[in-house]
Amino acid sequence: MLRGQNENDAGASDLLVGPPEAATWSRPVLFSGQPIAGVAPWSSTISRYAIAVLAMAVALAASKAAVTFLHIEPFVSLFLCAIMVVAWFGGFGPGLLATVLGLLAFDYYLVPPIDAFTVDSKQLPRLALFLAVALFVNWLSASQRTATRSLRRSRNDLLAALEDQRRIEARLLHSEMYLAEAQRLSQTGSFGWNLATGELLWSEETFRIFQYDRTTKPDLASAIQRVHPEDRTLAQQTIDLASSDGRDFDHEFRLLMPDGAVKYIRALAHASRDESGNVRFVGAVMDVTATKKAEEELRQSEQRFRDFAETASDWFWETGPDHRLVSVSRKSTAVSGSIGMTIWEAACDVEEEPEKWRLHRDILNAHAAFRDFRFRSMKANGSPVYLAASGRPVFNSAGVFLGYRGVASDISATVRAEQAEAALQEAQANLAHATRVTTLGELAASIAHEVNQPLAAIMANAEACLRWLSSDSPNMDAARRSVEWIINDGSRAADVIGRVRALAAKKGGEKTRLDINEVVNEVRALVQRQLSDSRVSLRMELAPAALMVCADRVQLQQVIINLVMNGVEAMQSVSDRPHELTIRSQRDNVSQVLVTVEDRGVGISSAENADRMFDAFFTTKSNGLGLGLSICRSIIEAHGGRLSASGNAGQGATFQFTLPQCDEDT
Ligand code: ADP
């Protein structure tokens, strides 16, 4: 059986490093009478019988020689010796042959009549005795031989068994070595626990984990002693439960080492019962400190990124292959979109901007990355919110599209700033238009010239036409050509008039209900640069409540801008006082809104000048047109108000206008 095991374990033995002789070991072979390897069995048998013949021949020759040369009686014992030798080496068969040959030789040479095979009846007892002794010697010797051989075989078997034992022990030693190494590497010790005897067995690694010397006899008390005080009660409960129920256990606890270090341990054991019902536990003790630390670090790292994501002003989002939202970094009440919705379902501008959305969906369907895709959505409270989203497609290792991951940020403030900027630009465009209107007088001459030219051509062509018609033979073709030219010139003049009208007719007075304070603030934004360039400080003393008027916003802006710019220009030549401009708004006692613009400039020299200032083309400036104040007065009067000017008691001038207050029900 042992040999069988060895043969079966051949594969395993490859793993083990055994002594060289173990691998080449073979059973020692002594002479056993068994056929010799490589020699045919029949030749071995023949040689044994040949030995029998040879031995008897030698015995006969020796006997004859003794008789012939020594003149002594022949030795019968020589034949017996030969039979004994043959039976010893050749076995019972060859011994029997030797016995027969010996009997024949004994009869022929030694029993009278000598040299004849005939037997005297008196010699028969002698022959019988010889035969009996020879047979006995043969049997004895052959038996001895068999016993010796059997003994030898037993010894060989014993040696083989001892060798097997040695190999198994060597293999066990190696296995133990590997096991100990594997336990050390995996930081997993093993233990056995006999409930009946209380005996505890620890592997080397278990000793190392508990930091006990190998010479210590392990017991539950020393194990519990190492358990962290906070976990001790629970560990004791686990042990108690296992001892009472004899059930498997799996428990995690901490160890507090003598140097203060803390180890995280997982102990698990399987219970089994022997024939007499005794419970034995076989278990493992794993040092999971490194794993615990790694888990904790991972958890902290995850938490860190979660904190970043949750406190960032951006949202982190993820969609599935159907472009529906599967996760958002924080639950947001800022946007009404939710898990399971597509981005276009959460957006509110899909109908307003279909082309933008068509292009974006093409990008999504092509699984391409996108950056800063802007759209409008709605907050949970219904107010609009502008978002910019960027995303990258996600694929698995097989290249299958899994969805998108990306960020979205609230860009409402930016969009509002852009809208304000656009409004400012529009206001500036309107201001430019107002400026163009104020320079209308300058343009009047060139317009007159442009209109005059087609008019002169019309007159000339009309006269020519009359001439062609009034002759004796009217030239109808020439008259028609002249009329055609008249029509062309007429439409050229109409074009010029149209262009002038287009220039002057921007907003012919769209009156809306507006707060005059708002208009003043808009003007402040528009003239900010000019004020700072001219180093003029502006004070605003506006009524705290809204002052509602019904007016054209742009025209009112134009009036206030003109008054402010005149004030700035009036302070240009002043150097002995600060350049200060004050705009006030208030309600006067007759339900009128009053706006004043006060400067500390050159002022108004006389009451006469105060009146003339509003005349068209009155100017005291070298490059002035003298149209600003006259246009302002027309605008204010067109709105049912009044514009006037007065010199200040100190320095400078004050311009003021009134407008009827516009109530809710007006
Ligand atoms: P312009 O500014 O082209 O001269 P305006 O009609 O705006 O045309 O002004 C007419 C004139 O009124 C000015 O030339 C100036 O003499 C006088 N004027 C206007 N505003 C003021 C002011 N704030 N202080 C003193 N004089 C002013």
# chains A, B, ... in the order shown; residues from 1 in each chain; ligands from 1
>>> residues_near_ligand(ligand="ligand 1", cutoff="8 Å", atoms="only C-alpha atoms and all ligand atoms", output="VMD selection string")
chain A and resid 562 to 564 566 to 570 598 to 599 601 to 604 609 to 610 612 to 621 623 to 631 652 to 655
>>> residues_around(residues="Ala413 (chain A)", least_positions_apart="2", cutoff="12 Å", atoms="only C-alpha atoms", output="list in words")
Pro384, Val385, Tyr386, Leu387, Ala388, Ser409, Asp410, Ile411, Val415, Arg416, Ala417, Glu418, Gln419 and Ala420 of chain A
>>> write_last_selection(atoms="all heavy atoms", output="tab-separated table (two decimals), in the first residue's frame")
chain	number	residue	atom	x	y	z
A	384	PRO	N	-36.15	80.72	-14.18
A	384	PRO	CA	-35.23	80.15	-15.16
A	384	PRO	C	-33.80	80.04	-14.62
A	384	PRO	O	-33.38	80.84	-13.79
A	384	PRO	CB	-35.29	81.13	-16.33
A	384	PRO	CG	-35.75	82.40	-15.73
A	384	PRO	CD	-36.59	82.06	-14.54
A	385	VAL	N	-33.08	79.04	-15.09
A	385	VAL	CA	-31.68	78.88	-14.71
A	385	VAL	C	-30.93	78.46	-15.97
A	385	VAL	O	-31.43	77.67	-16.77
A	385	VAL	CB	-31.52	77.85	-13.56
A	385	VAL	CG1	-32.07	76.50	-13.91
A	385	VAL	CG2	-30.06	77.70	-13.16
A	386	TYR	N	-29.76	79.08	-16.18
A	386	TYR	CA	-28.96	78.76	-17.36
A	386	TYR	C	-27.83	77.81	-16.95
A	386	TYR	O	-27.17	78.04	-15.94
A	386	TYR	CB	-28.37	80.03	-17.96
A	386	TYR	CG	-29.44	80.92	-18.55
A	386	TYR	CD1	-30.07	81.87	-17.76
A	386	TYR	CD2	-29.82	80.79	-19.89
A	386	TYR	CE1	-31.08	82.68	-18.28
A	386	TYR	CE2	-30.82	81.60	-20.41
A	386	TYR	CZ	-31.44	82.53	-19.61
A	386	TYR	OH	-32.44	83.32	-20.13
A	387	LEU	N	-27.65	76.73	-17.73
A	387	LEU	CA	-26.65	75.73	-17.40
A	387	LEU	C	-25.68	75.54	-18.57
A	387	LEU	O	-26.07	75.70	-19.73
A	387	LEU	CB	-27.30	74.38	-17.08
A	387	LEU	CG	-28.28	74.36	-15.91
A	387	LEU	CD1	-29.01	73.04	-15.86
A	387	LEU	CD2	-27.55	74.60	-14.61
A	388	ALA	N	-24.43	75.19	-18.22
A	388	ALA	CA	-23.46	74.80	-19.25
A	388	ALA	C	-23.01	73.39	-18.90
A	388	ALA	O	-22.57	73.15	-17.77
A	388	ALA	CB	-22.26	75.74	-19.25
A	409	SER	N	-22.66	73.35	-14.89
A	409	SER	CA	-22.57	74.45	-13.94
A	409	SER	C	-23.65	75.48	-14.22
A	409	SER	O	-24.10	75.63	-15.36
A	409	SER	CB	-21.18	75.07	-13.97
A	409	SER	OG	-20.67	75.05	-15.26
A	410	ASP	N	-24.00	76.17	-13.15
A	410	ASP	CA	-25.03	77.21	-13.23
A	410	ASP	C	-24.35	78.47	-13.76
A	410	ASP	O	-23.50	79.06	-13.10
A	410	ASP	CB	-25.59	77.44	-11.82
A	410	ASP	CG	-26.71	78.47	-11.84
A	410	ASP	OD1	-26.85	79.15	-12.87
A	410	ASP	OD2	-27.43	78.57	-10.83
A	411	ILE	N	-24.71	78.89	-14.98
A	411	ILE	CA	-24.07	80.06	-15.57
A	411	ILE	C	-25.08	81.21	-15.67
A	411	ILE	O	-24.91	82.11	-16.50
A	411	ILE	CB	-23.47	79.73	-16.97
A	411	ILE	CG1	-24.52	79.07	-17.86
A	411	ILE	CG2	-22.24	78.88	-16.85
A	411	ILE	CD1	-24.21	79.19	-19.33
A	415	VAL	N	-24.79	84.57	-17.89
A	415	VAL	CA	-25.75	84.85	-18.97
A	415	VAL	C	-26.42	86.19	-18.72
A	415	VAL	O	-26.57	87.01	-19.63
A	415	VAL	CB	-26.78	83.71	-19.09
A	415	VAL	CG1	-27.91	84.10	-20.01
A	415	VAL	CG2	-26.11	82.45	-19.59
A	416	ARG	N	-26.75	86.45	-17.44
A	416	ARG	CA	-27.42	87.73	-17.13
A	416	ARG	C	-26.47	88.89	-17.41
A	416	ARG	O	-26.87	89.93	-17.92
A	416	ARG	CB	-27.87	87.74	-15.68
A	416	ARG	CG	-28.96	86.72	-15.47
A	416	ARG	CD	-30.06	87.16	-14.54
A	416	ARG	NE	-31.11	86.17	-14.63
A	416	ARG	CZ	-31.21	85.10	-13.83
A	416	ARG	NH1	-30.33	84.92	-12.89
A	416	ARG	NH2	-32.18	84.23	-14.00
A	417	ALA	N	-25.17	88.68	-17.07
A	417	ALA	CA	-24.19	89.74	-17.35
A	417	ALA	C	-24.10	89.97	-18.85
A	417	ALA	O	-24.02	91.11	-19.31
A	417	ALA	CB	-22.83	89.34	-16.79
A	418	GLU	N	-24.14	88.85	-19.61
A	418	GLU	CA	-24.08	88.99	-21.07
A	418	GLU	C	-25.32	89.72	-21.59
A	418	GLU	O	-25.23	90.56	-22.49
A	418	GLU	CB	-23.99	87.60	-21.72
A	418	GLU	CG	-22.61	86.98	-21.59
A	418	GLU	CD	-22.57	85.53	-22.05
A	418	GLU	OE1	-23.61	85.01	-22.52
A	418	GLU	OE2	-21.51	84.92	-21.93
A	419	GLN	N	-26.47	89.39	-20.97
A	419	GLN	CA	-27.70	90.05	-21.41
A	419	GLN	C	-27.64	91.55	-21.09
A	419	GLN	O	-28.04	92.39	-21.90
A	419	GLN	CB	-28.91	89.41	-20.72
A	419	GLN	CG	-29.27	88.06	-21.33
A	419	GLN	CD	-30.34	87.33	-20.54
A	419	GLN	OE1	-30.64	87.70	-19.40
A	419	GLN	NE2	-30.88	86.28	-21.13
A	420	ALA	N	-27.07	91.85	-19.90
A	420	ALA	CA	-26.94	93.26	-19.52
A	420	ALA	C	-26.00	93.98	-20.47
A	420	ALA	O	-26.25	95.11	-20.89
A	420	ALA	CB	-26.42	93.36	-18.09
>>> atom_distance(atom1="CA of Arg184 (chain A)", atom2="CA of Glu295 (chain A)")
21.6 Å
>>> residues_around(residues="region 323-325 of chain A", least_positions_apart="6", cutoff="8 Å", atoms="only C-alpha atoms", output="NGL selection string")
:A and (317 or 338-343 or 364 or 403-404)
>>> residues_around(residues="Asp213 (chain A)", least_positions_apart="4", cutoff="12 Å", atoms="only C-alpha atoms", output="list in words")
Trp202, Ser203, Glu204, Glu205, Thr206, Phe207, Arg208, Ile209, Lys217, Pro218 and Ser222 of chain A
>>> write_last_selection(atoms="all heavy atoms", output="tab-separated table (two decimals), in the first residue's frame")
chain	number	residue	atom	x	y	z
A	202	TRP	N	-1.64	25.84	18.03
A	202	TRP	CA	-1.44	27.01	17.17
A	202	TRP	C	-0.35	26.72	16.16
A	202	TRP	O	0.64	26.05	16.50
A	202	TRP	CB	-1.01	28.23	17.99
A	202	TRP	CG	-2.13	28.91	18.73
A	202	TRP	CD1	-3.43	28.56	18.76
A	202	TRP	CD2	-1.99	30.06	19.56
A	202	TRP	NE1	-4.14	29.41	19.54
A	202	TRP	CE2	-3.28	30.36	20.06
A	202	TRP	CE3	-0.92	30.87	19.94
A	202	TRP	CZ2	-3.51	31.42	20.90
A	202	TRP	CZ3	-1.17	31.94	20.79
A	202	TRP	CH2	-2.45	32.21	21.26
A	203	SER	N	-0.54	27.27	14.96
A	203	SER	CA	0.54	27.19	13.98
A	203	SER	C	1.54	28.30	14.30
A	203	SER	O	1.25	29.20	15.09
A	203	SER	CB	0.00	27.36	12.57
A	203	SER	OG	-0.33	28.70	12.34
A	204	GLU	N	2.68	28.21	13.63
A	204	GLU	CA	3.74	29.19	13.89
A	204	GLU	C	3.23	30.61	13.62
A	204	GLU	O	3.51	31.55	14.37
A	204	GLU	CB	4.91	28.87	12.98
A	204	GLU	CG	6.19	29.47	13.47
A	204	GLU	CD	7.37	28.96	12.65
A	204	GLU	OE1	7.39	27.75	12.38
A	204	GLU	OE2	8.22	29.78	12.29
A	205	GLU	N	2.43	30.76	12.52
A	205	GLU	CA	1.95	32.08	12.15
A	205	GLU	C	0.96	32.62	13.19
A	205	GLU	O	0.93	33.82	13.46
A	205	GLU	CB	1.28	32.01	10.76
A	205	GLU	CG	0.80	33.34	10.20
A	205	GLU	CD	1.90	34.38	10.02
A	205	GLU	OE1	3.08	34.01	10.06
A	205	GLU	OE2	1.58	35.57	9.88
A	206	THR	N	0.17	31.70	13.80
A	206	THR	CA	-0.77	32.15	14.85
A	206	THR	C	0.03	32.71	16.02
A	206	THR	O	-0.33	33.74	16.59
A	206	THR	CB	-1.66	30.98	15.30
A	206	THR	OG1	-2.21	30.37	14.13
A	206	THR	CG2	-2.79	31.45	16.19
A	207	PHE	N	1.13	32.03	16.37
A	207	PHE	CA	2.00	32.56	17.44
A	207	PHE	C	2.49	33.95	17.07
A	207	PHE	O	2.51	34.85	17.90
A	207	PHE	CB	3.21	31.63	17.65
A	207	PHE	CG	2.91	30.46	18.55
A	207	PHE	CD1	2.69	29.20	18.03
A	207	PHE	CD2	2.84	30.62	19.93
A	207	PHE	CE1	2.42	28.12	18.85
A	207	PHE	CE2	2.57	29.54	20.77
A	207	PHE	CZ	2.35	28.29	20.23
A	208	ARG	N	2.87	34.10	15.78
A	208	ARG	CA	3.42	35.38	15.35
A	208	ARG	C	2.35	36.48	15.41
A	208	ARG	O	2.62	37.59	15.86
A	208	ARG	CB	3.96	35.24	13.91
A	208	ARG	CG	4.99	36.30	13.55
A	208	ARG	CD	5.20	36.36	12.05
A	208	ARG	NE	3.98	36.67	11.34
A	208	ARG	CZ	3.41	37.87	11.29
A	208	ARG	NH1	3.97	38.89	11.93
A	208	ARG	NH2	2.29	38.07	10.63
A	209	ILE	N	1.14	36.14	14.96
A	209	ILE	CA	0.05	37.13	14.97
A	209	ILE	C	-0.24	37.58	16.40
A	209	ILE	O	-0.37	38.77	16.67
A	209	ILE	CB	-1.22	36.54	14.30
A	209	ILE	CG1	-0.99	36.41	12.78
A	209	ILE	CG2	-2.43	37.41	14.57
A	209	ILE	CD1	-2.09	35.68	12.04
A	217	LYS	N	2.67	27.73	25.97
A	217	LYS	CA	1.59	26.77	25.68
A	217	LYS	C	0.33	27.60	25.43
A	217	LYS	O	-0.12	28.32	26.31
A	217	LYS	CB	1.41	25.81	26.86
A	217	LYS	CG	0.37	24.76	26.54
A	217	LYS	CD	0.44	23.60	27.49
A	217	LYS	CE	-0.74	22.65	27.36
A	217	LYS	NZ	-1.18	22.44	26.02
A	218	PRO	N	-0.22	27.51	24.20
A	218	PRO	CA	-1.37	28.38	23.91
A	218	PRO	C	-2.62	27.96	24.69
A	218	PRO	O	-2.88	26.78	24.84
A	218	PRO	CB	-1.59	28.20	22.41
A	218	PRO	CG	-0.95	26.92	22.07
A	218	PRO	CD	0.13	26.67	23.05
A	222	SER	N	-4.70	33.30	27.30
A	222	SER	CA	-3.67	34.17	26.71
A	222	SER	C	-4.17	34.78	25.40
A	222	SER	O	-3.78	35.90	25.05
A	222	SER	CB	-2.36	33.41	26.51
A	222	SER	OG	-2.60	32.12	26.05
>>> select_by_dssp(residues="region 103-197 of chain A", states="alpha helix (DSSP H)", output="ChimeraX atom specification")
/A:103-105,124-186
>>> closest_atom_pairs(of="region 283-365 of chain A", to="region 187-191 of chain A", cutoff="7 Å", atoms="only C-alpha atoms", output="CSV")
residue,atom,partner,partner_atom,distance
A:Gly283,CA,A:Phe191,CA,5.3
A:Ala284,CA,A:Ser190,CA,4.3
A:Val285,CA,A:Gly189,CA,5.0
A:Met286,CA,A:Thr188,CA,4.3
A:Asp287,CA,A:Gln187,CA,5.6
>>> residues_around(residues="Ser141 (chain A)", least_positions_apart="5", cutoff="6 Å", atoms="only C-alpha atoms", output="CSV table (one decimal) with N, CA, C and O atoms, in the first residue's frame")
chain,number,residue,atom,x,y,z
A,84,MET,N,24.0,-31.5,-0.3
A,84,MET,CA,23.6,-30.4,0.5
A,84,MET,C,23.9,-29.1,-0.2
A,84,MET,O,23.1,-28.1,-0.2
A,87,ALA,N,21.4,-28.5,-3.1
A,87,ALA,CA,20.1,-28.2,-2.6
A,87,ALA,C,20.1,-26.7,-2.0
A,87,ALA,O,19.1,-26.0,-2.2
A,88,TRP,N,21.2,-26.3,-1.4
A,88,TRP,CA,21.3,-25.0,-0.9
A,88,TRP,C,21.2,-23.9,-2.0
A,88,TRP,O,20.5,-22.9,-1.9
>>> select_by_dssp(residues="region 176-278 of chain A", states="strand (DSSP E or B)", output="PDB file with N, CA, C and O atoms, in the first residue's frame")
ATOM      1  N   THR A 188      -1.962  34.369   7.660  1.00  0.00           N
ATOM      2  CA  THR A 188      -3.082  33.576   8.146  1.00  0.00           C
ATOM      3  C   THR A 188      -2.534  32.397   8.946  1.00  0.00           C
ATOM      4  O   THR A 188      -1.846  31.537   8.391  1.00  0.00           O
ATOM      5  N   GLY A 189      -2.814  32.389  10.214  1.00  0.00           N
ATOM      6  CA  GLY A 189      -2.385  31.276  11.053  1.00  0.00           C
ATOM      7  C   GLY A 189      -3.522  30.274  11.187  1.00  0.00           C
ATOM      8  O   GLY A 189      -4.655  30.558  10.811  1.00  0.00           O
ATOM      9  N   SER A 190      -3.209  29.074  11.689  1.00  0.00           N
ATOM     10  CA  SER A 190      -4.265  28.089  11.879  1.00  0.00           C
ATOM     11  C   SER A 190      -4.257  27.625  13.331  1.00  0.00           C
ATOM     12  O   SER A 190      -3.267  27.814  14.052  1.00  0.00           O
ATOM     13  N   PHE A 191      -5.362  27.071  13.749  1.00  0.00           N
ATOM     14  CA  PHE A 191      -5.424  26.560  15.121  1.00  0.00           C
ATOM     15  C   PHE A 191      -6.362  25.359  15.196  1.00  0.00           C
ATOM     16  O   PHE A 191      -7.210  25.161  14.326  1.00  0.00           O
ATOM     17  N   GLY A 192      -6.147  24.571  16.200  1.00  0.00           N
ATOM     18  CA  GLY A 192      -7.037  23.456  16.489  1.00  0.00           C
ATOM     19  C   GLY A 192      -7.466  23.592  17.940  1.00  0.00           C
ATOM     20  O   GLY A 192      -6.698  24.040  18.796  1.00  0.00           O
ATOM     21  N   TRP A 193      -8.699  23.217  18.234  1.00  0.00           N
ATOM     22  CA  TRP A 193      -9.210  23.416  19.593  1.00  0.00           C
ATOM     23  C   TRP A 193     -10.080  22.213  19.945  1.00  0.00           C
ATOM     24  O   TRP A 193     -11.094  21.957  19.287  1.00  0.00           O
ATOM     25  N   ASN A 194      -9.639  21.458  20.929  1.00  0.00           N
ATOM     26  CA  ASN A 194     -10.399  20.305  21.384  1.00  0.00           C
ATOM     27  C   ASN A 194     -11.261  20.747  22.563  1.00  0.00           C
ATOM     28  O   ASN A 194     -10.753  21.107  23.620  1.00  0.00           O
ATOM     29  N   LEU A 200      -5.403  23.468  22.960  1.00  0.00           N
ATOM     30  CA  LEU A 200      -5.367  24.430  21.862  1.00  0.00           C
ATOM     31  C   LEU A 200      -4.042  24.267  21.122  1.00  0.00           C
ATOM     32  O   LEU A 200      -2.984  24.204  21.754  1.00  0.00           O
ATOM     33  N   LEU A 201      -4.117  24.157  19.802  1.00  0.00           N
ATOM     34  CA  LEU A 201      -2.883  24.038  19.010  1.00  0.00           C
ATOM     35  C   LEU A 201      -2.807  25.225  18.073  1.00  0.00           C
ATOM     36  O   LEU A 201      -3.791  25.574  17.422  1.00  0.00           O
ATOM     37  N   TRP A 202      -1.637  25.841  18.033  1.00  0.00           N
ATOM     38  CA  TRP A 202      -1.443  27.007  17.170  1.00  0.00           C
ATOM     39  C   TRP A 202      -0.350  26.720  16.157  1.00  0.00           C
ATOM     40  O   TRP A 202       0.642  26.053  16.498  1.00  0.00           O
ATOM     41  N   VAL A 227      -6.736  40.407  23.142  1.00  0.00           N
ATOM     42  CA  VAL A 227      -7.841  41.096  22.462  1.00  0.00           C
ATOM     43  C   VAL A 227      -7.991  42.509  23.023  1.00  0.00           C
ATOM     44  O   VAL A 227      -7.841  42.728  24.228  1.00  0.00           O
ATOM     45  N   PHE A 249     -17.833  29.370  13.791  1.00  0.00           N
ATOM     46  CA  PHE A 249     -17.909  30.815  14.057  1.00  0.00           C
ATOM     47  C   PHE A 249     -17.000  31.586  13.110  1.00  0.00           C
ATOM     48  O   PHE A 249     -16.055  31.050  12.538  1.00  0.00           O
ATOM     49  N   ASP A 250     -17.368  32.848  12.931  1.00  0.00           N
ATOM     50  CA  ASP A 250     -16.612  33.769  12.073  1.00  0.00           C
ATOM     51  C   ASP A 250     -16.721  35.128  12.749  1.00  0.00           C
ATOM     52  O   ASP A 250     -17.802  35.714  12.810  1.00  0.00           O
ATOM     53  N   HIS A 251     -15.598  35.626  13.279  1.00  0.00           N
ATOM     54  CA  HIS A 251     -15.686  36.807  14.133  1.00  0.00           C
ATOM     55  C   HIS A 251     -14.511  37.742  13.845  1.00  0.00           C
ATOM     56  O   HIS A 251     -13.391  37.297  13.614  1.00  0.00           O
ATOM     57  N   GLU A 252     -14.807  39.046  13.860  1.00  0.00           N
ATOM     58  CA  GLU A 252     -13.731  40.028  13.640  1.00  0.00           C
ATOM     59  C   GLU A 252     -13.517  40.823  14.914  1.00  0.00           C
ATOM     60  O   GLU A 252     -14.486  41.246  15.546  1.00  0.00           O
ATOM     61  N   PHE A 253     -12.274  41.017  15.283  1.00  0.00           N
ATOM     62  CA  PHE A 253     -11.980  41.781  16.485  1.00  0.00           C
ATOM     63  C   PHE A 253     -10.580  42.388  16.345  1.00  0.00           C
ATOM     64  O   PHE A 253      -9.875  42.128  15.373  1.00  0.00           O
ATOM     65  N   ARG A 254     -10.242  43.207  17.336  1.00  0.00           N
ATOM     66  CA  ARG A 254      -8.917  43.841  17.299  1.00  0.00           C
ATOM     67  C   ARG A 254      -8.026  43.257  18.387  1.00  0.00           C
ATOM     68  O   ARG A 254      -8.526  42.828  19.426  1.00  0.00           O
ATOM     69  N   LEU A 255      -6.728  43.255  18.118  1.00  0.00           N
ATOM     70  CA  LEU A 255      -5.761  42.853  19.134  1.00  0.00           C
ATOM     71  C   LEU A 255      -5.000  44.102  19.553  1.00  0.00           C
ATOM     72  O   LEU A 255      -4.720  44.967  18.717  1.00  0.00           O
ATOM     73  N   LEU A 256      -4.708  44.187  20.835  1.00  0.00           N
ATOM     74  CA  LEU A 256      -3.873  45.288  21.319  1.00  0.00           C
ATOM     75  C   LEU A 256      -2.542  44.681  21.721  1.00  0.00           C
ATOM     76  O   LEU A 256      -2.454  43.926  22.692  1.00  0.00           O
ATOM     77  N   VAL A 262      -2.297  48.226  17.132  1.00  0.00           N
ATOM     78  CA  VAL A 262      -3.603  47.567  17.039  1.00  0.00           C
ATOM     79  C   VAL A 262      -3.644  46.748  15.759  1.00  0.00           C
ATOM     80  O   VAL A 262      -3.248  47.218  14.692  1.00  0.00           O
ATOM     81  N   LYS A 263      -4.079  45.494  15.898  1.00  0.00           N
ATOM     82  CA  LYS A 263      -4.200  44.629  14.717  1.00  0.00           C
ATOM     83  C   LYS A 263      -5.663  44.278  14.533  1.00  0.00           C
ATOM     84  O   LYS A 263      -6.373  44.049  15.517  1.00  0.00           O
ATOM     85  N   TYR A 264      -6.092  44.220  13.276  1.00  0.00           N
ATOM     86  CA  TYR A 264      -7.456  43.771  12.976  1.00  0.00           C
ATOM     87  C   TYR A 264      -7.387  42.294  12.605  1.00  0.00           C
ATOM     88  O   TYR A 264      -6.589  41.912  11.735  1.00  0.00           O
ATOM     89  N   ILE A 265      -8.183  41.471  13.282  1.00  0.00           N
ATOM     90  CA  ILE A 265      -8.108  40.021  13.112  1.00  0.00           C
ATOM     91  C   ILE A 265      -9.466  39.476  12.716  1.00  0.00           C
ATOM     92  O   ILE A 265     -10.494  39.938  13.219  1.00  0.00           O
ATOM     93  N   ARG A 266      -9.439  38.497  11.820  1.00  0.00           N
ATOM     94  CA  ARG A 266     -10.667  37.758  11.529  1.00  0.00           C
ATOM     95  C   ARG A 266     -10.388  36.299  11.891  1.00  0.00           C
ATOM     96  O   ARG A 266      -9.426  35.712  11.393  1.00  0.00           O
ATOM     97  N   ALA A 267     -11.200  35.750  12.802  1.00  0.00           N
ATOM     98  CA  ALA A 267     -11.018  34.354  13.199  1.00  0.00           C
ATOM     99  C   ALA A 267     -12.248  33.576  12.764  1.00  0.00           C
ATOM    100  O   ALA A 267     -13.375  33.986  13.037  1.00  0.00           O
ATOM    101  N   LEU A 268     -12.024  32.488  12.039  1.00  0.00           N
ATOM    102  CA  LEU A 268     -13.158  31.662  11.645  1.00  0.00           C
ATOM    103  C   LEU A 268     -12.789  30.199  11.866  1.00  0.00           C
ATOM    104  O   LEU A 268     -11.625  29.825  11.713  1.00  0.00           O
ATOM    105  N   ALA A 269     -13.767  29.409  12.286  1.00  0.00           N
ATOM    106  CA  ALA A 269     -13.461  28.017  12.621  1.00  0.00           C
ATOM    107  C   ALA A 269     -14.620  27.117  12.234  1.00  0.00           C
ATOM    108  O   ALA A 269     -15.781  27.538  12.205  1.00  0.00           O
ATOM    109  N   HIS A 270     -14.264  25.882  11.919  1.00  0.00           N
ATOM    110  CA  HIS A 270     -15.267  24.877  11.563  1.00  0.00           C
ATOM    111  C   HIS A 270     -15.248  23.797  12.645  1.00  0.00           C
ATOM    112  O   HIS A 270     -14.180  23.328  13.057  1.00  0.00           O
ATOM    113  N   ALA A 271     -16.430  23.423  13.119  1.00  0.00           N
ATOM    114  CA  ALA A 271     -16.520  22.418  14.186  1.00  0.00           C
ATOM    115  C   ALA A 271     -16.797  21.049  13.574  1.00  0.00           C
ATOM    116  O   ALA A 271     -17.539  20.937  12.608  1.00  0.00           O
ATOM    117  N   SER A 272     -16.162  19.999  14.135  1.00  0.00           N
ATOM    118  CA  SER A 272     -16.460  18.631  13.699  1.00  0.00           C
ATOM    119  C   SER A 272     -16.455  17.723  14.928  1.00  0.00           C
ATOM    120  O   SER A 272     -15.799  18.030  15.930  1.00  0.00           O
ATOM    121  N   ARG A 273     -17.204  16.614  14.855  1.00  0.00           N
ATOM    122  CA  ARG A 273     -17.295  15.692  16.002  1.00  0.00           C
ATOM    123  C   ARG A 273     -16.582  14.387  15.664  1.00  0.00           C
ATOM    124  O   ARG A 273     -16.724  13.891  14.534  1.00  0.00           O
TER     125      ARG A 273
END
